[in-house]
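Student: Handing you a structure now.
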Amino acid sequence: MAVSKLFGASIKRREDPRLITGRATYTDDLRFPGLTFAQIVRSPHAHARIRRVDVDAARRHPGVVAVFTGKDLQGVINPIPTAWLIPNAELKTPPHPALAVDTVRYAGDGVAVVVAEDRFAARDAAALVRVDYEPLPAVVDQQKAMAPGAPQLHADVPNNLAFKWIIGNSEATAAAFKEAERDGIVLAQRFVNQRLIPNAMEPRAVVAQYNSGSGDLSVWYTTQNPHIARFVMSLVTGLPEHKIRIVAPEVGGGFGSKIPFYADEAIIAFCARATDRPVKWTEARQENYLATIHGRDHITDLEVAARRDGTITALRGRTWANLGAYLSTAAPGIPTILHGLMLTGCYTIPNIDYGVYGVFTNTTPVDAYRGAGRPEATYLIERIVDLVAAKLTLDPAEVRRKNFIPSGRFPYTIAAGLAYDSGNYGPALDRALEMTGYQRLREEQKRGPRNGKHLGIGLSTYVEICGLGPSPVVGSTGFQGGLWESAIVRLHPTAKATVFTGTSPHGQGEETTFAQIVADELGLPIDDIEVVHGDTAAVPMGWGTYGSRTTVVGGAAIALAARRVREKAAKIAAHLLEASVQDIVFDQGRFSVRGSPDRAKTIQEVTLQAYLAWNLPAGVEPALEESAFFDPTNFTFPFGAHVAVVEVDAGTGQVELKRYIAVDDCGRVINPLIVDGQVHGGVVQGIAQALYEGAAYGPDGQLLTGTMADYAVPKAHMFPMFETARTETPSPHNPLGVKGVGETGTIASTPAVVNAVVDALRPYGITHLDMPLTPERIWTAIHGKKRLGR
Amino acid sequence: MSGSGPRRPDGLLAWEWGEGGNIVKRSVTVTVNGVRHTHEVEPRLLLVHYVREVLGLTGTHVGCDTSNCGACTLLMNGKAVKSCTLLAVQADGASLQTIEGLAQDGKLHPIQEGFWEEHGLQCGFCTPGMIMATVDLLQRHPEPTDEQIRWGIEGNLCRCTGYQHIVNAIQHAARTMRAGSTKAGRSA
């Protein structure tokens with residue numbers, strides 16, 4: 001593509017002025033005449049039969065407009081569906097009623113809803129709803145849930161097993177293990193990838209308005225994908241899709257937690273229709289912890305076979321994935337397609353035998369949380385590579401290099417069948433080690449602890465699958481949708497442009513990066529370009545923002561639409577200049593005749609003529625507006641190398657993260673400042689899993705980490721300044737060469753930090769610890785073993 | 001819960017309830033961004049709900065219910081407070097400043113400039129609280145170290161940025177404000 005001014009420029013974000021002045025409008029900020037407020041009554045029990053729901057006192061409360069229970073919604077609101085029907089896995093999809101009718105299956109399951117004139121009356125009245133529960137035994141651990149005699153959540157789902165998904169070649173893998181037992185090494189380790197709570201800073205919120213005159217339902221809400229929401233809303237409410245409008249106003253972060261279609265949006269839509277009033281519902285944070293999806297929660301038994309030189313020949317394992325009480329929108333695909341297929345990471349491991357059990361438990365449903373399956377896979381492979389290195393007393397960097405897919409072998413088909421688009425893993429690792437001063441630190445480490453503090457260095461060389469994705473491929477994995485993306489580039493008569501995207505950014509900055517793309521393609525000043533997203537009434541069908549796909553797929557669609565605009569404008573320019581279109585040269589907003597640079601028309605002049613239409617070439621329609629629908633031919637596979645340097649205080653078990661080095665390759669970079677921001681944020685979420693965060697349930701199914709005071713969302717003082725750099729290996733599968741960067745940090749950083757801490761604890765004979773690596777856990781591990789030097 | 005007297009089933013004390021089941025309201029007068037307001041409010045109304053729902057200043061956000069996140073931070077009599085930890089009636093007679101009142105005469109405050117210049121925000125939900133907390137921080141530490149900044153904003157959570165660009169934004173603002181005050185000092 002043409003050398004350009006703005007592609008690659010760290011320009012300031014165009015969305016910021018409204019956000020830094022308090023002028024942005026999030027869902028809870030919306031006001032409507034006659035607005036009412038809803039409060040959802042949620043089960044305090046993890047598992048119980050509902051004997052009776054008494055709403056009389058709530059109905060009599062001053063200001064209450066209506067109270068509804070599960071029975072009121074029965075037959076009107078269809079069960080909430082899951083959208084990823086993975087094949088060959090005996091997937092069970094038990095019904096998920098929007099409000100429970102006879103059984104509640106997790107603490108937080110909705111039972112009734114109160115609509116009132118203000119949010120305080122709604123809350124007061126909700127406290128007056130009396131539910132007579134018959135508590136049932138609950139199960140929260142996914143392995144216990146599969147055991148004989150465990151409480152059963154759903155009829156027709158024996159052993160609570162939602163699916164069993166197996167990939168690989170068990171015979172070839174068994175042979176590789178036999179060989180390794182003879183001539184190499186075999187190691188086994190159990191890994192627990194703990195449950196996390198996404199914690200987007202804005203809790204979820206919904207405002208629904210039903211016009212009984214026109215039959216139109218409008219819903220403003222905190223979604224990452226308004227068109228999917230409209231699609232599902234239509235299925236769930238039975239209202240036709242063209243009578244539903246979904247708007248994502250300003251959305252305050254999502255991290256996957258605002259992808260799903262929740263029961264709550266169906267409940268609020270029902271309330272708006274039933275009361276003929278606009279209804280607002282805003283989640284409180286403690287409610288968010290119960291009612292918004294969680295992430296991760298895997299238990300994995302993994303074995304590795306390797307030669308003595310560090311070459312890994314096979315992986316064999318089983319994972320038990322906790323899915324919570326119901327299947328959330330993408331839940332079945334996360335621990336399988338987005339996890340199991342990536343098990344071999346950036347290595348040429350030829351044999352795998354891997355299975356995942358998806359299990360129902362009496363807990364909050366689990367779905368996509370930043371990285372979604374890939375952090376879990378990267379954690380497994382990057383930990384086990386370190387275990388191999390430690391066992392063979394090889395440098396973990398060397399073991400990685402030995403197993404890297406060589407740069408000359410791309411596109412490379414891995415054991416699980418995916419074809420990685422492009423990669424060059426060695427230079428990223430070299431760069432990271434050089435920035436770290438790796439050899440010097442290893443020397444320092446050999447000198448032993450200082451003041452009881454042990455130095456640890458941890459590596460993580462990751463690759464991830466993103467830029468979701470080619471529709472036929474995701475369709476073959478059972479995803480009930482396409483994953484192409486849409487764009488309209490509309491020039492107005494004054495050559496100001498409105499760009500419509502089917503993606504739905506909520507903090508990632510695409511109002512800026514997309515404008516950078518269009519500015520370059522059309523030679524327009526960036527201030528003349530507006531990017532519109534998030535409203536099904538304004539933008540064409542698209543699939544939304546997640547899976548690091550927005551720039552990869554949505555940006556590509558925009559580039560293609562802009563190029564079509566340019567081609568049409570070139571035809572008009574040629575006609576006006578009395579030249580052949582083949583002789584038209586376009587540069588920085590100017591169409592000129594080859595060899596006669598003074599014979600030229602600006603894009604502004606051409607656009608005006610396109611609209612006046614007084615003198616258009618034959619066969620060219622008036623106006624200047626083009627659309628594009630882009631479906632990539634493959635996913636993209638960003639990669640990189642991260643290094644964590646820690647000091648562990650043996651006396652207290654405290655980990656201090658001294659340095660963090662991140663070298664990422666996300667292909668071509670449109671806005672380096674924004675890419676850095678994505679990396680920083682992702683890295684912090686991944687480090688937080690390694691060191692701080694973890695959702696905990698009591699055996700009775702009560703969420704023990706039920707508030708922000710109990711769940712360790714990390715703070716600024718817990719991190720050093722990150723050292724970032726990039727290598728650039730363009731993806732061949734989209735016209736921009738971009739790969740996606742929204743999730744790389746989270747995927748890479750968790751194993752880097754755990755590897756560093758375990759590295760620091762090697763003098764104590766510790767080879768593995770489960771996350772989060774709290775001082776208590778580390779101290780117990782150290783002092784439970786024989787003390788160093790005694 | 002403290003206090004005594006007959007309780008309604010939802011735990012509220014009976015003295016809060018007047019004739020006909022309505023809550024007895026109290027008068028509160030505050031000056032917000034230079035404008036004086038008087039309202040009759042329920043005694044239980046949180047200051048953040050007063051600002052958002054009664055005054056319609058929705059730039060101040062609610063991100064939690066345990067005073068951990070800091071999204072509701074505003075200035076009360078010049079000091080940063082979490083407006084979810086105060087009742088509106090406790091602010092009676094106070095002067096408040098919210099994010100909407102920070103830019104003056106159409107010109108962004110240096111802290112707002114800093115957040116914009118250094119990409120100190122992504123989704124923007126924590127940003128108003130973060131900026132108001134920074135006003136207080138830079139009053140106390142006009143020349144902060146990175147460490148002071150990181151501890152100084154520990155009451156404000158951000159899930160997007162990883163904080164690094166926020167630290168840079170605050171340093172940017174501190175530099176601008178120091179340069180501005182030197183200039184003002186010279187011209188005085």
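Within each chain, counting starts at residue 1; across the structure tokens, chains are named A, B, ... in the order shown, with ligands numbered 1 upward in that order.
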Taking only C-alpha atoms into account, which residues of chain A are within 6 Å of chain B, as a PDB file with all heavy atoms, in the first residue's frame?

Tutor:
```pdb
ATOM      1  N   LEU A  19     -14.549  11.969  26.955  1.00  0.00           N
ATOM      2  CA  LEU A  19     -14.343  11.102  28.120  1.00  0.00           C
ATOM      3  C   LEU A  19     -13.645  11.836  29.269  1.00  0.00           C
ATOM      4  O   LEU A  19     -13.919  11.564  30.437  1.00  0.00           O
ATOM      5  CB  LEU A  19     -13.523   9.871  27.718  1.00  0.00           C
ATOM      6  CG  LEU A  19     -14.170   8.941  26.685  1.00  0.00           C
ATOM      7  CD1 LEU A  19     -13.139   7.963  26.125  1.00  0.00           C
ATOM      8  CD2 LEU A  19     -15.338   8.176  27.288  1.00  0.00           C
ATOM      9  N   ILE A  20     -12.764  12.766  28.950  1.00  0.00           N
ATOM     10  CA  ILE A  20     -12.015  13.459  30.007  1.00  0.00           C
ATOM     11  C   ILE A  20     -12.759  14.687  30.538  1.00  0.00           C
ATOM     12  O   ILE A  20     -12.317  15.299  31.499  1.00  0.00           O
ATOM     13  CB  ILE A  20     -10.597  13.896  29.533  1.00  0.00           C
ATOM     14  CG1 ILE A  20     -10.675  14.762  28.276  1.00  0.00           C
ATOM     15  CG2 ILE A  20      -9.707  12.683  29.314  1.00  0.00           C
ATOM     16  CD1 ILE A  20      -9.318  15.244  27.778  1.00  0.00           C
ATOM     17  N   THR A  21     -13.888  15.016  29.914  1.00  0.00           N
ATOM     18  CA  THR A  21     -14.655  16.164  30.397  1.00  0.00           C
ATOM     19  C   THR A  21     -15.983  15.752  31.020  1.00  0.00           C
ATOM     20  O   THR A  21     -16.789  16.602  31.398  1.00  0.00           O
ATOM     21  CB  THR A  21     -14.949  17.146  29.240  1.00  0.00           C
ATOM     22  OG1 THR A  21     -15.610  16.422  28.198  1.00  0.00           O
ATOM     23  CG2 THR A  21     -13.674  17.770  28.708  1.00  0.00           C
ATOM     24  N   GLY A  22     -16.216  14.444  31.124  1.00  0.00           N
ATOM     25  CA  GLY A  22     -17.467  13.977  31.724  1.00  0.00           C
ATOM     26  C   GLY A  22     -18.657  14.114  30.803  1.00  0.00           C
ATOM     27  O   GLY A  22     -19.803  14.089  31.249  1.00  0.00           O
ATOM     28  N   ASP A  29     -26.284   6.640  32.192  1.00  0.00           N
ATOM     29  CA  ASP A  29     -26.456   8.104  32.118  1.00  0.00           C
ATOM     30  C   ASP A  29     -27.699   8.504  31.327  1.00  0.00           C
ATOM     31  O   ASP A  29     -28.070   9.674  31.317  1.00  0.00           O
ATOM     32  CB  ASP A  29     -25.232   8.744  31.441  1.00  0.00           C
ATOM     33  CG  ASP A  29     -23.923   8.419  32.153  1.00  0.00           C
ATOM     34  OD1 ASP A  29     -23.966   8.043  33.340  1.00  0.00           O
ATOM     35  OD2 ASP A  29     -22.860   8.530  31.516  1.00  0.00           O
ATOM     36  N   ALA A 127     -36.599  -6.126  48.186  1.00  0.00           N
ATOM     37  CA  ALA A 127     -36.334  -6.751  49.487  1.00  0.00           C
ATOM     38  C   ALA A 127     -37.606  -7.334  50.084  1.00  0.00           C
ATOM     39  O   ALA A 127     -37.553  -8.111  51.042  1.00  0.00           O
ATOM     40  CB  ALA A 127     -35.712  -5.731  50.435  1.00  0.00           C
ATOM     41  N   MET A 201     -14.824  -1.824  34.478  1.00  0.00           N
ATOM     42  CA  MET A 201     -15.116  -0.823  35.508  1.00  0.00           C
ATOM     43  C   MET A 201     -16.579  -0.371  35.477  1.00  0.00           C
ATOM     44  O   MET A 201     -17.136   0.028  36.489  1.00  0.00           O
ATOM     45  CB  MET A 201     -14.184   0.385  35.363  1.00  0.00           C
ATOM     46  CG  MET A 201     -12.745   0.087  35.748  1.00  0.00           C
ATOM     47  SD  MET A 201     -12.578  -0.718  37.364  1.00  0.00           S
ATOM     48  CE  MET A 201     -13.284   0.528  38.407  1.00  0.00           C
ATOM     49  N   GLU A 202     -17.174  -0.405  34.292  1.00  0.00           N
ATOM     50  CA  GLU A 202     -18.603  -0.087  34.228  1.00  0.00           C
ATOM     51  C   GLU A 202     -19.398  -1.376  34.409  1.00  0.00           C
ATOM     52  O   GLU A 202     -19.265  -2.295  33.598  1.00  0.00           O
ATOM     53  CB  GLU A 202     -18.952   0.511  32.855  1.00  0.00           C
ATOM     54  CG  GLU A 202     -20.423   0.830  32.716  1.00  0.00           C
ATOM     55  CD  GLU A 202     -20.900   0.884  31.252  1.00  0.00           C
ATOM     56  OE1 GLU A 202     -20.283   0.229  30.387  1.00  0.00           O
ATOM     57  OE2 GLU A 202     -21.899   1.559  30.987  1.00  0.00           O
ATOM     58  N   GLY A 252     -18.068   0.996  29.120  1.00  0.00           N
ATOM     59  CA  GLY A 252     -16.920   1.143  30.007  1.00  0.00           C
ATOM     60  C   GLY A 252     -16.152  -0.137  30.235  1.00  0.00           C
ATOM     61  O   GLY A 252     -16.071  -0.650  31.338  1.00  0.00           O
ATOM     62  N   GLY A 253     -15.582  -0.654  29.157  1.00  0.00           N
ATOM     63  CA  GLY A 253     -14.784  -1.872  29.252  1.00  0.00           C
ATOM     64  C   GLY A 253     -15.654  -3.107  29.165  1.00  0.00           C
ATOM     65  O   GLY A 253     -16.853  -3.077  29.475  1.00  0.00           O
ATOM     66  N   ARG A 285     -22.139  -3.538  41.815  1.00  0.00           N
ATOM     67  CA  ARG A 285     -20.912  -4.328  41.646  1.00  0.00           C
ATOM     68  C   ARG A 285     -21.031  -5.715  42.276  1.00  0.00           C
ATOM     69  O   ARG A 285     -20.590  -6.705  41.705  1.00  0.00           O
ATOM     70  CB  ARG A 285     -19.720  -3.573  42.241  1.00  0.00           C
ATOM     71  CG  ARG A 285     -18.401  -4.310  42.130  1.00  0.00           C
ATOM     72  CD  ARG A 285     -17.993  -4.658  40.709  1.00  0.00           C
ATOM     73  NE  ARG A 285     -17.740  -3.475  39.908  1.00  0.00           N
ATOM     74  CZ  ARG A 285     -17.439  -3.498  38.612  1.00  0.00           C
ATOM     75  NH1 ARG A 285     -17.357  -4.657  37.969  1.00  0.00           N
ATOM     76  NH2 ARG A 285     -17.259  -2.377  37.941  1.00  0.00           N
ATOM     77  N   HIS A 506     -14.994  -0.327  22.577  1.00  0.00           N
ATOM     78  CA  HIS A 506     -15.420   0.184  23.888  1.00  0.00           C
ATOM     79  C   HIS A 506     -14.178   0.456  24.732  1.00  0.00           C
ATOM     80  O   HIS A 506     -14.051  -0.042  25.840  1.00  0.00           O
ATOM     81  CB  HIS A 506     -16.365  -0.798  24.554  1.00  0.00           C
ATOM     82  CG  HIS A 506     -15.919  -2.234  24.428  1.00  0.00           C
ATOM     83  ND1 HIS A 506     -16.143  -2.976  23.287  1.00  0.00           N
ATOM     84  CD2 HIS A 506     -15.251  -3.029  25.258  1.00  0.00           C
ATOM     85  CE1 HIS A 506     -15.627  -4.176  23.451  1.00  0.00           C
ATOM     86  NE2 HIS A 506     -15.067  -4.231  24.629  1.00  0.00           N
ATOM     87  N   GLY A 507     -13.277   1.260  24.144  1.00  0.00           N
ATOM     88  CA  GLY A 507     -12.064   1.635  24.870  1.00  0.00           C
ATOM     89  C   GLY A 507     -10.798   1.369  24.069  1.00  0.00           C
ATOM     90  O   GLY A 507      -9.730   1.859  24.401  1.00  0.00           O
ATOM     91  N   GLY A 677      -0.748   0.873  24.864  1.00  0.00           N
ATOM     92  CA  GLY A 677      -1.810   0.875  25.873  1.00  0.00           C
ATOM     93  C   GLY A 677      -2.492  -0.480  25.981  1.00  0.00           C
ATOM     94  O   GLY A 677      -2.793  -0.959  27.079  1.00  0.00           O
ATOM     95  N   HIS A 680       0.029  -2.843  27.768  1.00  0.00           N
ATOM     96  CA  HIS A 680       0.111  -2.575  29.218  1.00  0.00           C
ATOM     97  C   HIS A 680      -1.101  -3.143  29.953  1.00  0.00           C
ATOM     98  O   HIS A 680      -0.963  -3.811  30.981  1.00  0.00           O
ATOM     99  CB  HIS A 680       0.140  -1.067  29.497  1.00  0.00           C
ATOM    100  CG  HIS A 680       1.355  -0.369  28.965  1.00  0.00           C
ATOM    101  ND1 HIS A 680       1.401   0.989  28.781  1.00  0.00           N
ATOM    102  CD2 HIS A 680       2.562  -0.830  28.574  1.00  0.00           C
ATOM    103  CE1 HIS A 680       2.583   1.333  28.311  1.00  0.00           C
ATOM    104  NE2 HIS A 680       3.304   0.235  28.172  1.00  0.00           N
ATOM    105  N   GLY A 681      -2.277  -2.825  29.429  1.00  0.00           N
ATOM    106  CA  GLY A 681      -3.505  -3.262  30.104  1.00  0.00           C
ATOM    107  C   GLY A 681      -3.615  -4.772  30.135  1.00  0.00           C
ATOM    108  O   GLY A 681      -4.004  -5.363  31.142  1.00  0.00           O
ATOM    109  N   VAL A 684      -1.109  -6.301  32.645  1.00  0.00           N
ATOM    110  CA  VAL A 684      -1.540  -6.167  34.041  1.00  0.00           C
ATOM    111  C   VAL A 684      -2.604  -7.213  34.391  1.00  0.00           C
ATOM    112  O   VAL A 684      -2.570  -7.821  35.464  1.00  0.00           O
ATOM    113  CB  VAL A 684      -2.042  -4.726  34.313  1.00  0.00           C
ATOM    114  CG1 VAL A 684      -2.988  -4.690  35.494  1.00  0.00           C
ATOM    115  CG2 VAL A 684      -0.849  -3.825  34.568  1.00  0.00           C
ATOM    116  N   LYS A 715      -3.891  -2.643  41.724  1.00  0.00           N
ATOM    117  CA  LYS A 715      -3.740  -1.187  41.822  1.00  0.00           C
ATOM    118  C   LYS A 715      -2.421  -0.748  41.203  1.00  0.00           C
ATOM    119  O   LYS A 715      -1.522  -1.565  40.983  1.00  0.00           O
ATOM    120  CB  LYS A 715      -3.790  -0.785  43.299  1.00  0.00           C
ATOM    121  CG  LYS A 715      -5.091  -1.190  43.971  1.00  0.00           C
ATOM    122  CD  LYS A 715      -5.062  -0.887  45.451  1.00  0.00           C
ATOM    123  CE  LYS A 715      -6.435  -1.224  46.042  1.00  0.00           C
ATOM    124  NZ  LYS A 715      -6.519  -0.785  47.433  1.00  0.00           N
ATOM    125  N   ALA A 716      -2.301   0.543  41.031  1.00  0.00           N
ATOM    126  CA  ALA A 716      -1.148   1.093  40.301  1.00  0.00           C
ATOM    127  C   ALA A 716       0.194   0.754  40.943  1.00  0.00           C
ATOM    128  O   ALA A 716       1.185   0.533  40.253  1.00  0.00           O
ATOM    129  CB  ALA A 716      -1.302   2.610  40.187  1.00  0.00           C
ATOM    130  N   HIS A 717       0.230   0.709  42.275  1.00  0.00           N
ATOM    131  CA  HIS A 717       1.533   0.542  42.938  1.00  0.00           C
ATOM    132  C   HIS A 717       2.044  -0.896  42.879  1.00  0.00           C
ATOM    133  O   HIS A 717       3.136  -1.183  43.389  1.00  0.00           O
ATOM    134  CB  HIS A 717       1.470   1.036  44.382  1.00  0.00           C
ATOM    135  CG  HIS A 717       0.516   0.271  45.243  1.00  0.00           C
ATOM    136  ND1 HIS A 717       0.807  -0.958  45.741  1.00  0.00           N
ATOM    137  CD2 HIS A 717      -0.740   0.569  45.674  1.00  0.00           C
ATOM    138  CE1 HIS A 717      -0.216  -1.379  46.469  1.00  0.00           C
ATOM    139  NE2 HIS A 717      -1.163  -0.481  46.427  1.00  0.00           N
TER     140      HIS A 717
END
```

Student: Name the residues in contact with stretch 347-350 of chain A at a cut-off of 8 Å, using only C-alpha atoms, excluding same-chain residues fewer than 2 positions from it; report them as an NGL selection string.

Tutor: :A and (312-315 or 344-345 or 352 or 400 or 403-405 or 414-415)

Student: Could you write out the selected residues, including all heavy atoms, as a short mmCIF file (atom, residue, chain, number, x, y, z; two decimals), in the first residue's frame?

Tutor:
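Wrote it out as part_3.cif, contents follow:
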```
data_model
loop_
_atom_site.label_atom_id
_atom_site.label_comp_id
_atom_site.auth_asym_id
_atom_site.auth_seq_id
_atom_site.Cartn_x
_atom_site.Cartn_y
_atom_site.Cartn_z
N ILE A 312 10.68 -31.39 22.42
CA ILE A 312 9.42 -31.93 22.96
C ILE A 312 8.73 -32.72 21.85
O ILE A 312 8.54 -32.22 20.73
CB ILE A 312 8.53 -30.79 23.48
CG1 ILE A 312 9.24 -30.08 24.64
CG2 ILE A 312 7.17 -31.33 23.94
CD1 ILE A 312 8.54 -28.84 25.13
N THR A 313 8.35 -33.96 22.17
CA THR A 313 7.80 -34.83 21.13
C THR A 313 6.30 -35.06 21.29
O THR A 313 5.64 -35.44 20.33
CB THR A 313 8.51 -36.19 21.13
OG1 THR A 313 8.45 -36.73 22.47
CG2 THR A 313 9.98 -36.03 20.73
N ALA A 314 5.76 -34.84 22.48
CA ALA A 314 4.32 -35.10 22.65
C ALA A 314 3.78 -34.44 23.89
O ALA A 314 4.49 -34.22 24.87
CB ALA A 314 4.06 -36.60 22.70
N LEU A 315 2.48 -34.14 23.83
CA LEU A 315 1.73 -33.65 24.99
C LEU A 315 0.48 -34.52 25.12
O LEU A 315 -0.16 -34.86 24.12
CB LEU A 315 1.29 -32.20 24.80
CG LEU A 315 2.36 -31.12 24.79
CD1 LEU A 315 1.74 -29.79 24.39
CD2 LEU A 315 3.02 -31.00 26.17
N THR A 344 -0.15 -26.49 21.65
CA THR A 344 1.28 -26.66 21.33
C THR A 344 2.02 -25.33 21.18
O THR A 344 3.23 -25.33 20.93
CB THR A 344 1.46 -27.49 20.06
OG1 THR A 344 0.67 -26.89 19.02
CG2 THR A 344 1.01 -28.93 20.26
N GLY A 345 1.30 -24.21 21.31
CA GLY A 345 1.97 -22.91 21.32
C GLY A 345 2.78 -22.67 20.06
O GLY A 345 2.35 -23.00 18.95
N ILE A 352 -0.16 -34.81 19.85
CA ILE A 352 -0.96 -34.43 21.01
C ILE A 352 -2.12 -35.39 21.17
O ILE A 352 -2.63 -35.97 20.21
CB ILE A 352 -1.52 -32.98 20.94
CG1 ILE A 352 -2.36 -32.77 19.67
CG2 ILE A 352 -0.43 -31.96 21.06
CD1 ILE A 352 -3.19 -31.50 19.73
N ARG A 400 13.21 -23.36 24.43
CA ARG A 400 12.23 -22.70 23.56
C ARG A 400 12.77 -22.60 22.13
O ARG A 400 12.08 -22.94 21.17
CB ARG A 400 11.89 -21.32 24.12
CG ARG A 400 10.95 -21.40 25.32
CD ARG A 400 10.68 -20.06 25.96
NE ARG A 400 9.59 -20.17 26.93
CZ ARG A 400 9.72 -20.63 28.16
NH1 ARG A 400 10.91 -21.02 28.61
NH2 ARG A 400 8.68 -20.72 28.97
N ASN A 403 12.60 -25.72 20.08
CA ASN A 403 11.29 -26.20 19.67
C ASN A 403 10.49 -25.23 18.81
O ASN A 403 9.40 -25.56 18.34
CB ASN A 403 10.46 -26.59 20.91
CG ASN A 403 10.99 -27.84 21.58
OD1 ASN A 403 10.77 -28.95 21.10
ND2 ASN A 403 11.73 -27.66 22.66
N PHE A 404 11.01 -24.00 18.65
CA PHE A 404 10.29 -23.01 17.85
C PHE A 404 9.99 -23.54 16.45
O PHE A 404 10.82 -24.21 15.84
CB PHE A 404 11.14 -21.75 17.65
CG PHE A 404 11.04 -20.74 18.77
CD1 PHE A 404 12.05 -19.77 18.92
CD2 PHE A 404 9.98 -20.72 19.65
CE1 PHE A 404 11.98 -18.82 19.92
CE2 PHE A 404 9.91 -19.78 20.66
CZ PHE A 404 10.91 -18.83 20.80
N ILE A 405 8.84 -23.15 15.91
CA ILE A 405 8.57 -23.38 14.49
C ILE A 405 9.53 -22.49 13.72
O ILE A 405 9.56 -21.27 13.94
CB ILE A 405 7.11 -23.01 14.14
CG1 ILE A 405 6.14 -23.89 14.95
CG2 ILE A 405 6.86 -23.13 12.64
CD1 ILE A 405 4.72 -23.38 14.98
N ILE A 414 -0.05 -26.88 12.52
CA ILE A 414 0.31 -27.49 13.81
C ILE A 414 -0.43 -28.82 13.98
O ILE A 414 -1.33 -29.16 13.20
CB ILE A 414 -0.03 -26.54 14.99
CG1 ILE A 414 -1.52 -26.15 14.97
CG2 ILE A 414 0.86 -25.31 14.94
CD1 ILE A 414 -2.00 -25.50 16.25
N ALA A 415 -0.06 -29.54 15.04
CA ALA A 415 -0.63 -30.87 15.27
C ALA A 415 -2.16 -30.83 15.36
O ALA A 415 -2.84 -31.75 14.92
CB ALA A 415 -0.05 -31.46 16.55
#
```

Student: When DSSP works through the backbone of this structure, what residues of stretch 21-165 of chain B end up as helix (DSSP H, G or I), shown as a ChimeraX atom specification?

Tutor: /B:21,47-54,88-91,99-101,110-117,127-140,146-152,164-165

Student: Expressed in Å to a single decimal, how great is the separation between atom CA of B:Val89 and atom CA of B:Met132?

Tutor: 21.4 Å

Student: What does the structure give for the distance between atom CA of A:Leu91 and atom CA of A:Met771, in Å to one decimal?

Tutor: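 Computing the Euclidean distance for atom CA of A:Leu91 and atom CA of A:Met771 yields 29.7 Å.
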
Student: Would you mind listing what lies within 7 Å of stretch 203-209 of chain A as an MDAnalysis selection string, with only C-alpha atoms counted and same-chain residues fewer than 2 positions away left out?

Tutor: (chainID A and resid 27:28 200:201 211 217:222 265 268:269 272 277:285 288) or (chainID B and resid 63)

Student: From a DSSP calculation on the backbone, collect every residue of chain B in strand (DSSP E) and output the set as a list in words.

Tutor: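 Residues meeting the strand (DSSP E) criterion: Arg26, Ser27, Val28, Thr29, Val30, Thr31, Val32, Val35, Arg36, His37, Thr38, His39, Glu40, Val41, Thr73, Leu74, Leu75, Met76, Lys79, Ala80, Val81, Lys82, Ser95, Leu96 and Gln97 of chain B.
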
Student: Do you have the atom CA of A:Gly742-atom CA of A:Asp535 distance handy?

Tutor: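 Between atom CA of A:Gly742 and atom CA of A:Asp535 the gap is 22.3 Å.
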